[in-house]
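**Student:** Compact mmCIF, C-alpha atoms, saved as protein20.txt, coming up:
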# COMPACT_ATOMS: atom_id res chain seq x y z
CA MET A 1 11.81 -9.59 -10.75
CA SER A 2 10.01 -12.19 -12.84
CA ARG A 3 8.32 -13.57 -9.74
CA ALA A 4 7.02 -10.09 -8.79
CA ALA A 5 5.85 -9.44 -12.34
CA SER A 6 3.97 -12.75 -12.49
CA ALA A 7 2.12 -11.94 -9.25
CA ARG A 8 0.49 -8.88 -10.81
CA PRO A 9 -3.20 -8.99 -11.64
CA ALA A 10 -4.09 -9.11 -15.32
CA GLY A 11 -4.31 -5.68 -16.94
CA ALA A 12 -2.08 -3.97 -14.37
CA ALA A 13 0.61 -1.66 -15.65
CA GLU A 14 2.90 -1.66 -12.65
CA LEU A 15 6.58 -0.92 -12.95
CA VAL A 16 8.85 -3.02 -10.73
CA PHE A 17 12.38 -1.90 -9.89
CA PRO A 18 14.90 -3.88 -7.86
CA LEU A 19 16.59 -1.75 -5.20
CA GLU A 20 19.82 -1.83 -3.26
CA PRO A 21 19.32 -3.45 0.17
CA GLY A 22 18.17 -0.90 2.75
CA ALA A 23 17.17 1.71 0.14
CA ASP A 24 15.99 4.92 1.78
CA ILE A 25 12.32 5.92 1.43
CA TYR A 26 13.09 9.63 1.04
CA SER A 27 15.55 8.98 -1.82
CA ILE A 28 13.02 6.75 -3.58
CA HIS A 29 10.29 9.39 -3.15
CA ARG A 30 12.55 12.11 -4.60
CA ALA A 31 13.56 9.96 -7.58
CA LEU A 32 9.93 9.12 -8.38
CA ASP A 33 8.88 12.78 -8.11
CA ALA A 34 11.67 13.67 -10.53
CA LYS A 35 10.47 11.00 -12.97
CA PHE A 36 6.66 11.46 -12.79
CA GLY A 37 6.17 14.90 -11.22
CA ALA A 38 5.06 15.74 -7.68
CA ARG A 39 3.05 12.80 -6.30
CA ARG A 40 0.08 14.95 -5.26
CA GLU A 41 -0.31 16.38 -8.75
CA ALA A 42 0.75 13.33 -10.76
CA ALA A 43 -1.30 10.95 -8.56
CA TYR A 44 0.99 7.97 -8.95
CA LEU A 45 1.18 5.28 -6.26
CA TRP A 46 4.25 3.42 -5.17
CA ALA A 47 5.16 0.77 -2.66
CA LEU A 48 8.34 -0.54 -1.13
CA ARG A 49 8.50 -4.29 -0.58
CA ARG A 50 11.41 -5.51 1.50
CA GLY A 51 12.14 -9.20 1.40
CA PRO A 52 14.83 -11.80 1.91
CA SER A 53 15.46 -12.01 -1.83
CA GLY A 54 15.85 -8.23 -2.14
CA ASP A 55 13.97 -4.95 -2.01
CA LEU A 56 11.54 -3.88 -4.75
CA CYS A 57 9.91 -0.59 -5.64
CA ILE A 58 6.51 -1.07 -7.30
CA VAL A 59 5.05 1.94 -9.10
CA ARG A 60 1.65 2.58 -10.65
CA PRO A 61 2.38 5.52 -12.92
CA PRO A 62 -0.22 8.20 -13.52
CA GLY A 63 -2.88 7.03 -15.95
CA GLY A 64 -1.10 3.73 -16.48
CA PHE A 65 -2.97 1.37 -14.19
CA ALA A 66 -5.90 -0.74 -15.30
CA ALA A 67 -7.54 -2.56 -12.41
CA PRO A 68 -8.32 -6.22 -13.09
CA ALA A 69 -11.87 -7.23 -13.96
CA LEU A 70 -13.62 -7.63 -10.61
CA ALA A 71 -16.99 -9.10 -9.72
CA ALA A 72 -18.94 -8.94 -6.47
CA GLY A 73 -18.42 -12.03 -4.37
CA GLU A 74 -14.96 -12.85 -5.71
CA ARG A 75 -12.22 -13.47 -3.18
CA TRP A 76 -8.71 -12.18 -3.78
CA LEU A 77 -5.38 -12.48 -2.03
CA PHE A 78 -4.27 -8.96 -1.13
CA SER A 79 -1.42 -6.89 0.19
CA LEU A 80 -1.57 -3.39 1.66
CA HIS A 81 1.09 -1.39 3.48
CA ALA A 82 -0.58 1.46 5.32
CA ARG A 83 -0.05 4.24 7.81
CA VAL A 84 -2.43 3.47 10.65
CA GLY A 85 -3.14 5.65 13.67
CA GLN A 86 -5.11 8.64 14.80
CA LYS A 87 -4.84 12.37 15.23
CA ASP A 88 -3.66 13.59 18.60
CA ARG A 89 -6.44 15.85 19.90
CA GLY A 90 -3.98 18.15 21.67
CA THR A 91 -1.48 18.74 18.88
CA GLY A 92 -3.46 17.77 15.78
CA ARG A 93 -0.53 15.61 14.62
CA ARG A 94 -0.94 12.03 13.48
CA ARG A 95 0.47 9.40 15.74
CA SER A 96 0.75 5.68 15.37
CA TRP A 97 -0.67 3.13 17.71
CA ARG A 98 1.61 0.88 19.69
CA ARG A 99 3.03 -1.86 17.50
CA ALA A 100 1.45 -4.53 19.71
CA GLU A 101 -2.06 -3.14 19.03
CA THR A 102 -2.75 -5.43 16.08
CA ASP A 103 -6.49 -5.71 16.86
CA ARG A 104 -6.91 -1.94 16.41
CA ARG A 105 -5.02 -2.12 13.12
CA LEU A 106 -7.18 -4.97 11.82
CA LYS A 107 -10.34 -3.05 12.79
CA TRP A 108 -8.96 -0.06 10.87
CA LEU A 109 -8.54 -2.34 7.83
CA GLU A 110 -12.13 -3.59 8.16
CA ARG A 111 -13.46 0.01 8.32
CA ARG A 112 -11.38 1.08 5.34
CA GLY A 113 -12.43 -2.03 3.45
CA GLY A 114 -16.07 -1.08 3.95
CA GLU A 115 -15.35 2.42 2.64
CA HIS A 116 -13.49 1.06 -0.39
CA GLY A 117 -15.82 -1.76 -1.44
CA PHE A 118 -14.23 -4.88 0.03
CA ALA A 119 -14.78 -7.07 3.08
CA VAL A 120 -11.86 -8.58 4.94
CA VAL A 121 -12.20 -12.38 5.05
CA ALA A 122 -8.86 -13.13 6.72
CA ALA A 123 -5.90 -10.86 7.42
CA THR A 124 -2.66 -10.63 9.30
CA VAL A 125 -0.65 -7.54 10.08
CA ASP A 126 3.02 -7.01 10.76
CA VAL A 127 4.23 -3.63 11.97
CA VAL A 128 7.59 -2.41 10.75
CA ARG A 129 9.32 0.74 11.94
CA GLU A 130 10.91 2.35 8.90
CA PRO A 131 13.29 5.36 9.03
CA VAL A 132 12.77 8.27 6.63
CA ARG A 133 16.10 10.04 6.30
CA LYS A 134 14.87 13.44 5.18
CA PRO A 135 17.69 16.01 5.46
CA GLY A 136 17.24 18.09 8.59
CA ALA A 137 13.94 16.46 9.54
CA GLY A 138 14.28 12.69 9.60
CA PHE A 139 11.54 10.67 11.24
CA TRP A 140 10.14 7.16 11.63
CA LEU A 141 7.10 5.60 9.96
CA ASP A 142 5.24 2.74 11.55
CA ARG A 143 4.19 0.76 8.50
CA SER A 144 1.34 -1.74 8.95
CA GLU A 145 1.85 -4.56 6.45
CA PHE A 146 -1.51 -6.27 5.89
CA SER A 147 -2.00 -9.44 3.87
CA GLY A 148 -4.71 -12.04 3.53
CA VAL A 149 -7.99 -12.49 1.68
CA VAL A 150 -10.68 -9.93 0.80
CA GLU A 151 -14.09 -10.37 -0.78
CA ILE A 152 -15.17 -7.88 -3.42
CA VAL A 153 -18.40 -6.13 -2.42
CA ASP A 154 -18.40 -3.15 -4.81
CA PRO A 155 -16.05 -3.69 -7.79
CA ALA A 156 -16.08 -0.02 -8.85
CA ARG A 157 -15.02 1.23 -5.41
CA VAL A 158 -12.26 -1.40 -5.19
CA ALA A 159 -10.97 -0.38 -8.63
CA SER A 160 -10.99 3.24 -7.48
CA ALA A 161 -9.07 2.34 -4.30
CA MET A 162 -6.47 0.56 -6.43
CA THR A 163 -5.80 3.76 -8.39
CA THR A 164 -6.10 6.34 -5.58
CA GLY A 165 -4.85 4.38 -2.55
CA VAL A 166 -6.14 3.47 0.90
CA GLY A 167 -5.25 5.52 3.96
CA GLY A 168 -2.52 8.13 4.26
CA GLY A 169 1.22 8.17 3.69
CA ARG A 170 1.15 7.80 -0.09
CA THR A 171 4.17 10.10 -0.41
CA TRP A 172 6.15 7.55 1.61
CA GLY A 173 5.09 4.49 -0.41
CA LEU A 174 2.03 3.53 1.62
CA GLY A 175 -1.60 2.97 0.65
CA MET A 176 -1.20 0.85 -2.50
CA LEU A 177 -3.84 -1.91 -2.44
CA ARG A 178 -2.54 -4.88 -4.40
CA LEU A 179 -4.77 -7.76 -5.43
CA ILE A 180 -2.31 -10.59 -5.95
CA GLY A 181 -4.59 -13.25 -7.41
CA LYS A 182 -8.04 -14.79 -7.15
CA LYS A 183 -8.60 -17.09 -4.23
CA GLU A 184 -10.01 -20.35 -5.49
CA ASP A 185 -12.15 -22.20 -2.94
Now, as a test, write the supplied structure out as structure tokens.
**Tutor:**
Amino acid sequence: MSRAASARPAGAAELVFPLEPGADIYSIHRALDAKFGARREAAYLWALRRGPSGDLCIVRPPGGFAAPALAAGERWLFSLHARVGQKDRGTGRRRSWRRAETDRRLKWLERRGGEHGFAVVAATVDVVREPVRKPGAGFWLDRSEFSGVVEIVDPARVASAMTTGVGGGRTWGLGMLRLIGKKED
């Protein structure tokens, strides 16, 4: 946990909880709603980070996050897990792209970056299929795990994105933009 805490940007008030290996997204979502109130009303963000040294739940509680001081032109290492795809014209339901379509996912990130005040300098994406074991209605999420370097274009919009999220799926722990640290040239 100390390594995760030290990777936080200055001024951030994120809570980091170690989880049992293979922790279920639906159970985490329910526990966080019980603690902070319904996510839509309370407007907290959370993210699940699975790794070889263990799983972590990172939470930005309502009103408790202070974005780091940002300036236009700065470059930051970033992390973003997002739900990427499009609406099906026939059914109106969201559907994910094929996992091999990484170029489409990276273009999505570039578009969203433009909307949220940052430019993607370099990025990679891994796609992970994650089960959501909701009683009676379980389903799968295709989680796009982006990481790399972004350049700050509009600091106010980036700060807003860090408190409100990027893309959909926030209920399921997606959309939290994390700036890990400044990229020194």
**Student:** Draw an axis-aligned box over all listed atoms of segment 48-62 of chain A, pad each side with 4 Å, and write its centre and edge lengths in Å, one decimal, as lines of an AutoDock Vina configuration file.
**Tutor:**
center_x = 7.8
center_y = -1.9
center_z = -5.8
size_x = 24.1
size_y = 28.2
size_z = 23.4
**Student:** Set the distance at 9 Å and use all atoms listed in the file: which residues neighbour Val128 of chain A once local chain neighbours fewer than 3 positions away are removed? I'd like the list as a PyMOL selection string.
**Tutor:** chain A and resi 99+141-145
**Student:** Using all atoms listed in the file, which of A:Arg112, A:Arg30, A:Arg133, A:Lys182 sits nearest Gly167 of chain A?
**Tutor:**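 Among the listed residues, A:Arg112 lies closest to Gly167 of chain A.
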**Student:** Would you work out the distance separating atom CA of Leu109 of chain A from atom CA of Ala161 of chain A, expressed in Å to one decimal?
**Tutor:** 13.0 Å
**Student:** Quick one: residues within 10 Å of Glu151 of chain A, all atoms listed in the file counted, chain neighbours fewer than 3 positions away excluded, as JSON, numbers by chain?
**Tutor:** {"A": [71, 72, 73, 74, 75, 76, 77, 78, 113, 117, 118, 119, 120, 121, 122, 154, 155, 182, 183]}
**Student:** Could you tell me which of A:Ser79, A:Gly136, A:Phe146, A:His29 comes closest to Thr102 of chain A if we count all atoms listed in the file?
**Tutor:** A:Phe146
**Student:** I'd like the interatomic distance between atom CA of Tyr44 of chain A and atom CA of Arg178 of chain A, to a tenth of an Å.
**Tutor:**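 Distance between the two atoms: 14.1 Å.
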**Student:** Would you work out the distance separating atom CA of Lys107 of chain A from atom CA of Ala123 of chain A, expressed in Å to one decimal?
**Tutor:**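 Atom CA of Ala123 of chain A lies at a distance of 10.5 Å from atom CA of Lys107 of chain A.
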**Student:** Using only C-alpha atoms, pick whichever of A:Val125, A:Ala13, A:Ala23, A:Ile152 has the shortest atom-to-atom distance to Ile58 of chain A.
**Tutor:**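 Under the stated criterion, the closest residue is A:Ala13.
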**Student:** Name all residues at most 12 Å from Ile28 of chain A (count all atoms listed in the file; drop same-chain ones fewer than 6 positions away) and give them as a PyMOL selection string.
**Tutor:** chain A and resi 17-20+22+34-35+39+46-48+55-59+132-134+171-173
**Student:** Go through A:Pro61, A:Pro68, A:Pro135, A:Gly90 one by one, measure the shortest atom-to-atom distance of each to Ser27 of chain A using all atoms listed in the file, and give the residue with the smallest value.
**Tutor:**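 Of the candidates, the smallest distance to Ser27 of chain A is held by A:Pro135.
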**Student:** Which one is closest to Ile180 of chain A: A:Gly148, A:Gly85, A:Gly92, A:Gly63? Count all atoms listed in the file.
**Tutor:**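 Among A:Gly148, A:Gly85, A:Gly92, A:Gly63, it is A:Gly148 that comes nearest to Ile180 of chain A.
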**Student:** Closest to Gly181 of chain A among A:Ser160, A:Ala31, A:Ala69, A:Arg50, using only C-alpha atoms?
**Tutor:**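 Of A:Ser160, A:Ala31, A:Ala69, A:Arg50, the one nearest Gly181 of chain A is A:Ala69, counting only C-alpha atoms.
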**Student:** Just want the 8 Å neighbourhood of Pro131 of chain A, counted on all atoms listed in the file, with same-chain residues fewer than 6 positions away dropped. Output as a ChimeraX atom specification.
**Tutor:** /A:24-25,138-141
